[in-house]
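Quick notes on the structure that follows.
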Amino acid sequence: ETGVTQTPRHLVMGMTNKKSLKCEQHLGHNAMYWYKQSAKKPLELMFVYNFKEQTENNSVPSRFSPECPNSSHLFLHLHTLQPEDSALYLCASSQGGAGEFYEQYFGPGTRLTVT
Amino acid sequence: GQSLEQPSEVTAVEGAIVQINCTYQTSGFYGLSWYQQHDGGAPTFLSYNALDGLEETGRFSSFLSRSDSYGYLLLQELQMKDSASYFCAVRDRGTALIFGKGTTLSVSS
């Protein structure tokens, strides 16, 4: 247990569905991240939130929409996905702010399959 | 572009020593991290080097040479439970990390 939880752990959705992934951290951190992990590819950073403000959008298609209502919760809203979006989606958190290094704590991920 | 290169697979036997190399090419550099990920599990933090030299944490050590854009993770006294994927990651700005593709380590008895 890393203190970062993700739900659901597995999700199968059709290309016309709308679903949301949820991440919650119990570590008192101020920064939260979404990553995509596909087979044989590096973890790809998608979004970064620092103190509830989005500080990074790594050219992610608009069919992925993040939401960070507070420092403990992060959502990824999904709609009209493509089969190539099937992957493991990982949430992470860390202390926030630039200038200092803070290790990132990862959740167990949501295994998404788009049919 | 930004890239991190590390071997895709490494095999070793229990008790051995293994070195996983990582070379990077990024627009910025604040430090090099290493993460471990077991099959089906979450990546977990192992080490971080911001300055040149060797950092030791138990059986694991990590090295950085900023002039060579190179680092490595050294695993000693290998155990079966060390079988996992190992990722190097560069902090190039702010808090964001750029990850390598990962090295799958297989430890046999």
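Ordering of the structure tokens sets the chain letters (A, B, ...), residue numbers begin anew at 1 in every chain, and ligands are numbered from 1 in the order given.
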Show me, as a ChimeraX atom specification, the residues of chain A whose atoms get within 12 Å of chain B, using only C-alpha atoms for the distance check.
/A:1-6,9-10,30-50,55-58,88-111
So that I can see what lies close to Lys52 of chain A, please list as a PyMOL selection string the residues with an atom at most 6 Å from it, counting only C-alpha atoms and leaving out residues fewer than 5 positions away in the same chain.
chain A and resi 68+70-71
Could you write out, as a tab-separated table (two decimals) with N, CA, C and O atoms, in the first residue's frame, all the residues of chain A that DSSP marks as strand (DSSP E)?
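The result, written out as result05.tsv:
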```tsv
chain	number	residue	atom	x	y	z
A	4	VAL	N	-1.88	5.63	-2.15
A	4	VAL	CA	-2.59	6.14	-3.33
A	4	VAL	C	-3.51	5.02	-3.83
A	4	VAL	O	-3.03	3.93	-4.13
A	5	THR	N	-4.80	5.31	-3.88
A	5	THR	CA	-5.76	4.30	-4.33
A	5	THR	C	-6.39	4.73	-5.64
A	5	THR	O	-6.56	5.94	-5.90
A	6	GLN	N	-6.72	3.73	-6.45
A	6	GLN	CA	-7.35	4.00	-7.74
A	6	GLN	C	-8.54	3.08	-7.93
A	6	GLN	O	-8.47	1.89	-7.58
A	7	THR	N	-9.61	3.62	-8.47
A	7	THR	CA	-10.78	2.82	-8.79
A	7	THR	C	-11.32	3.25	-10.15
A	7	THR	O	-11.22	4.45	-10.50
A	10	HIS	N	-10.09	-2.41	-12.92
A	10	HIS	CA	-10.24	-2.88	-14.30
A	10	HIS	C	-11.47	-2.23	-14.90
A	10	HIS	O	-12.48	-2.07	-14.21
A	11	LEU	N	-11.39	-1.88	-16.17
A	11	LEU	CA	-12.52	-1.25	-16.84
A	11	LEU	C	-12.52	-1.65	-18.30
A	11	LEU	O	-11.50	-1.53	-18.98
A	12	VAL	N	-13.67	-2.12	-18.76
A	12	VAL	CA	-13.86	-2.41	-20.17
A	12	VAL	C	-14.95	-1.47	-20.67
A	12	VAL	O	-16.02	-1.39	-20.06
A	13	MET	N	-14.68	-0.73	-21.72
A	13	MET	CA	-15.67	0.20	-22.21
A	13	MET	C	-15.69	0.23	-23.73
A	13	MET	O	-14.65	-0.01	-24.38
A	18	LYS	N	-18.97	6.76	-21.86
A	18	LYS	CA	-18.28	7.76	-21.03
A	18	LYS	C	-18.06	7.13	-19.66
A	18	LYS	O	-18.98	6.60	-19.06
A	19	LYS	N	-16.83	7.20	-19.20
A	19	LYS	CA	-16.51	6.65	-17.89
A	19	LYS	C	-15.50	7.59	-17.22
A	19	LYS	O	-14.90	8.45	-17.86
A	20	SER	N	-15.30	7.36	-15.91
A	20	SER	CA	-14.31	8.16	-15.17
A	20	SER	C	-13.44	7.26	-14.32
A	20	SER	O	-13.92	6.30	-13.73
A	21	LEU	N	-12.17	7.60	-14.26
A	21	LEU	CA	-11.22	6.95	-13.36
A	21	LEU	C	-11.02	7.86	-12.15
A	21	LEU	O	-10.97	9.08	-12.30
A	22	LYS	N	-10.88	7.23	-10.99
A	22	LYS	CA	-10.73	8.01	-9.77
A	22	LYS	C	-9.42	7.67	-9.07
A	22	LYS	O	-9.01	6.50	-9.04
A	23	CYS	N	-8.78	8.68	-8.52
A	23	CYS	CA	-7.56	8.50	-7.76
A	23	CYS	C	-7.69	9.29	-6.46
A	23	CYS	O	-8.16	10.43	-6.47
A	24	GLU	N	-7.25	8.69	-5.37
A	24	GLU	CA	-7.28	9.38	-4.08
A	24	GLU	C	-5.97	9.13	-3.36
A	24	GLU	O	-5.48	8.00	-3.32
A	25	GLN	N	-5.38	10.17	-2.82
A	25	GLN	CA	-4.14	10.00	-2.07
A	25	GLN	C	-4.35	10.43	-0.61
A	25	GLN	O	-5.05	11.42	-0.34
A	31	ALA	N	0.81	17.58	-5.18
A	31	ALA	CA	0.91	17.38	-6.62
A	31	ALA	C	0.36	16.00	-6.98
A	31	ALA	O	0.60	15.02	-6.26
A	32	MET	N	-0.39	15.93	-8.07
A	32	MET	CA	-0.95	14.66	-8.53
A	32	MET	C	-0.75	14.55	-10.04
A	32	MET	O	-0.71	15.56	-10.75
A	33	TYR	N	-0.62	13.32	-10.50
A	33	TYR	CA	-0.24	13.06	-11.89
A	33	TYR	C	-1.09	11.93	-12.47
A	33	TYR	O	-1.46	10.99	-11.76
A	34	TRP	N	-1.32	11.99	-13.77
A	34	TRP	CA	-1.84	10.85	-14.52
A	34	TRP	C	-0.76	10.42	-15.51
A	34	TRP	O	-0.19	11.25	-16.24
A	35	TYR	N	-0.50	9.08	-15.55
A	35	TYR	CA	0.40	8.49	-16.51
A	35	TYR	C	-0.35	7.40	-17.28
A	35	TYR	O	-1.24	6.75	-16.75
A	36	LYS	N	0.10	7.17	-18.51
A	36	LYS	CA	-0.38	6.05	-19.32
A	36	LYS	C	0.77	5.08	-19.50
A	36	LYS	O	1.89	5.49	-19.86
A	37	GLN	N	0.52	3.80	-19.24
A	37	GLN	CA	1.55	2.77	-19.44
A	37	GLN	C	1.04	1.74	-20.42
A	37	GLN	O	0.13	0.97	-20.13
A	44	GLU	N	4.05	7.30	-19.92
A	44	GLU	CA	3.86	8.59	-20.55
A	44	GLU	C	3.10	9.52	-19.61
A	44	GLU	O	1.99	9.21	-19.20
A	45	LEU	N	3.72	10.64	-19.27
A	45	LEU	CA	3.04	11.62	-18.44
A	45	LEU	C	1.91	12.23	-19.24
A	45	LEU	O	2.09	12.64	-20.39
A	46	MET	N	0.72	12.31	-18.62
A	46	MET	CA	-0.43	12.91	-19.28
A	46	MET	C	-0.73	14.29	-18.71
A	46	MET	O	-0.78	15.28	-19.44
A	47	PHE	N	-0.95	14.35	-17.42
A	47	PHE	CA	-1.34	15.60	-16.76
A	47	PHE	C	-0.64	15.72	-15.41
A	47	PHE	O	-0.38	14.73	-14.76
A	48	VAL	N	-0.39	16.98	-15.02
A	48	VAL	CA	0.15	17.28	-13.70
A	48	VAL	C	-0.70	18.36	-13.06
A	48	VAL	O	-1.04	19.35	-13.72
A	49	TYR	N	-1.04	18.15	-11.81
A	49	TYR	CA	-1.72	19.16	-11.02
A	49	TYR	C	-0.87	19.50	-9.81
A	49	TYR	O	-0.39	18.61	-9.11
A	50	ASN	N	-0.67	20.79	-9.59
A	50	ASN	CA	0.04	21.28	-8.41
A	50	ASN	C	-0.90	22.20	-7.66
A	50	ASN	O	-1.37	23.19	-8.22
A	53	GLU	N	-4.07	23.14	-9.39
A	53	GLU	CA	-3.98	23.81	-10.68
A	53	GLU	C	-3.26	22.92	-11.69
A	53	GLU	O	-2.20	22.36	-11.36
A	54	GLN	N	-3.81	22.82	-12.90
A	54	GLN	CA	-3.14	22.01	-13.91
A	54	GLN	C	-1.91	22.74	-14.39
A	54	GLN	O	-1.99	23.86	-14.89
A	55	THR	N	-0.75	22.12	-14.23
A	55	THR	CA	0.50	22.75	-14.63
A	55	THR	C	1.11	22.09	-15.86
A	55	THR	O	2.06	22.61	-16.43
A	56	GLU	N	0.55	20.97	-16.27
A	56	GLU	CA	1.09	20.31	-17.43
A	56	GLU	C	0.01	19.48	-18.13
A	56	GLU	O	-0.75	18.76	-17.49
A	57	ASN	N	-0.06	19.64	-19.44
A	57	ASN	CA	-0.90	18.80	-20.31
A	57	ASN	C	0.01	18.37	-21.43
A	57	ASN	O	0.39	19.17	-22.28
A	64	PHE	N	-9.61	12.72	-23.32
A	64	PHE	CA	-9.22	12.55	-21.92
A	64	PHE	C	-9.35	13.90	-21.23
A	64	PHE	O	-8.72	14.88	-21.65
A	65	SER	N	-10.12	13.95	-20.16
A	65	SER	CA	-10.37	15.22	-19.48
A	65	SER	C	-10.12	15.05	-18.00
A	65	SER	O	-10.84	14.33	-17.32
A	66	PRO	N	-9.08	15.70	-17.45
A	66	PRO	CA	-8.80	15.55	-16.03
A	66	PRO	C	-9.59	16.54	-15.19
A	66	PRO	O	-10.05	17.57	-15.66
A	67	GLU	N	-9.73	16.17	-13.91
A	67	GLU	CA	-10.39	17.06	-12.95
A	67	GLU	C	-9.74	16.86	-11.60
A	67	GLU	O	-9.53	15.72	-11.17
A	68	CYS	N	-9.42	17.96	-10.94
A	68	CYS	CA	-8.79	17.88	-9.62
A	68	CYS	C	-9.56	18.79	-8.66
A	68	CYS	O	-9.21	19.97	-8.52
A	69	PRO	N	-10.59	18.27	-8.00
A	69	PRO	CA	-11.42	19.12	-7.14
A	69	PRO	C	-10.72	19.57	-5.85
A	69	PRO	O	-11.06	20.62	-5.30
A	70	ASN	N	-9.76	18.78	-5.40
A	70	ASN	CA	-8.97	19.16	-4.22
A	70	ASN	C	-7.66	18.40	-4.27
A	70	ASN	O	-7.45	17.56	-5.15
A	73	HIS	N	-7.85	14.37	-4.43
A	73	HIS	CA	-8.61	13.62	-5.42
A	73	HIS	C	-8.26	14.07	-6.84
A	73	HIS	O	-8.11	15.27	-7.11
A	74	LEU	N	-8.21	13.10	-7.73
A	74	LEU	CA	-7.93	13.35	-9.13
A	74	LEU	C	-8.79	12.41	-9.96
A	74	LEU	O	-8.89	11.22	-9.63
A	75	PHE	N	-9.42	12.96	-10.97
A	75	PHE	CA	-10.26	12.15	-11.86
A	75	PHE	C	-9.73	12.25	-13.28
A	75	PHE	O	-9.09	13.24	-13.67
A	76	LEU	N	-10.02	11.21	-14.05
A	76	LEU	CA	-9.76	11.24	-15.49
A	76	LEU	C	-11.05	10.81	-16.17
A	76	LEU	O	-11.47	9.66	-16.06
A	77	HIS	N	-11.69	11.77	-16.82
A	77	HIS	CA	-12.94	11.51	-17.52
A	77	HIS	C	-12.64	11.07	-18.95
A	77	HIS	O	-11.83	11.71	-19.63
A	78	LEU	N	-13.30	9.99	-19.35
A	78	LEU	CA	-13.03	9.37	-20.64
A	78	LEU	C	-14.27	9.39	-21.52
A	78	LEU	O	-15.36	9.07	-21.03
A	79	HIS	N	-14.12	9.76	-22.78
A	79	HIS	CA	-15.26	9.68	-23.70
A	79	HIS	C	-14.79	9.48	-25.12
A	79	HIS	O	-13.76	10.02	-25.53
A	87	ALA	N	-4.79	0.58	-22.08
A	87	ALA	CA	-3.49	0.67	-21.40
A	87	ALA	C	-3.74	0.61	-19.89
A	87	ALA	O	-4.88	0.54	-19.43
A	88	LEU	N	-2.66	0.67	-19.14
A	88	LEU	CA	-2.73	0.82	-17.69
A	88	LEU	C	-2.60	2.31	-17.38
A	88	LEU	O	-1.64	2.96	-17.82
A	89	TYR	N	-3.56	2.86	-16.67
A	89	TYR	CA	-3.52	4.27	-16.31
A	89	TYR	C	-3.15	4.38	-14.84
A	89	TYR	O	-3.84	3.87	-13.95
A	90	LEU	N	-2.03	5.05	-14.62
A	90	LEU	CA	-1.47	5.15	-13.29
A	90	LEU	C	-1.61	6.57	-12.76
A	90	LEU	O	-1.35	7.54	-13.47
A	91	CYS	N	-1.98	6.66	-11.52
A	91	CYS	CA	-2.04	7.94	-10.81
A	91	CYS	C	-0.86	7.98	-9.85
A	91	CYS	O	-0.44	6.94	-9.31
A	92	ALA	N	-0.30	9.14	-9.64
A	92	ALA	CA	0.79	9.29	-8.67
A	92	ALA	C	0.62	10.61	-7.93
A	92	ALA	O	-0.09	11.51	-8.40
A	93	SER	N	1.26	10.71	-6.78
A	93	SER	CA	1.25	11.97	-6.04
A	93	SER	C	2.62	12.22	-5.46
A	93	SER	O	3.44	11.30	-5.32
A	94	SER	N	2.89	13.48	-5.15
A	94	SER	CA	4.15	13.85	-4.50
A	94	SER	C	3.93	15.17	-3.78
A	94	SER	O	2.91	15.85	-3.98
A	105	TYR	N	4.68	8.75	-5.51
A	105	TYR	CA	4.04	7.54	-5.01
A	105	TYR	C	2.93	7.17	-5.98
A	105	TYR	O	2.04	7.98	-6.25
A	106	PHE	N	2.99	5.96	-6.50
A	106	PHE	CA	2.05	5.51	-7.50
A	106	PHE	C	0.93	4.67	-6.91
A	106	PHE	O	1.15	3.90	-5.97
A	110	THR	N	-5.38	1.55	-13.17
A	110	THR	CA	-6.62	1.03	-13.74
A	110	THR	C	-6.29	0.43	-15.09
A	110	THR	O	-5.75	1.13	-15.96
A	111	ARG	N	-6.58	-0.85	-15.24
A	111	ARG	CA	-6.35	-1.52	-16.53
A	111	ARG	C	-7.57	-1.26	-17.41
A	111	ARG	O	-8.66	-1.75	-17.14
A	112	LEU	N	-7.40	-0.45	-18.45
A	112	LEU	CA	-8.50	-0.04	-19.32
A	112	LEU	C	-8.43	-0.80	-20.64
A	112	LEU	O	-7.38	-0.85	-21.28
A	113	THR	N	-9.55	-1.36	-21.03
A	113	THR	CA	-9.68	-2.01	-22.33
A	113	THR	C	-10.81	-1.34	-23.09
A	113	THR	O	-11.94	-1.26	-22.58
A	114	VAL	N	-10.50	-0.83	-24.27
A	114	VAL	CA	-11.50	-0.18	-25.11
A	114	VAL	C	-11.87	-1.13	-26.25
A	114	VAL	O	-10.98	-1.57	-27.01
```
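From atom CA of Met80 of chain B back to atom CA of Thr103 of chain B, the distance works out to 15.8 Å.
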Rounded to one decimal, what separation in Å do you get between atom CA of Ala12 of chain B and atom CA of Gly71 of chain B?
20.0 Å
Please list as a PyMOL selection string every residue within 12 Å of Asp68 of chain B, counting only C-alpha atoms and excluding residues in the same chain fewer than 5 positions away.
chain B and resi 22-25+52+63
One decimal, Å: what's the distance from atom CA of Pro83 of chain A over to atom CA of Asp39 of chain B, could you say?
22.7 Å
Nearest residue to Asp92 of chain B out of B:Leu75, B:Leu32, B:Val107, B:Leu54, using only C-alpha atoms?
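Between B:Leu75, B:Leu32, B:Val107, B:Leu54, the residue approaching Asp92 of chain B most closely is B:Leu32.
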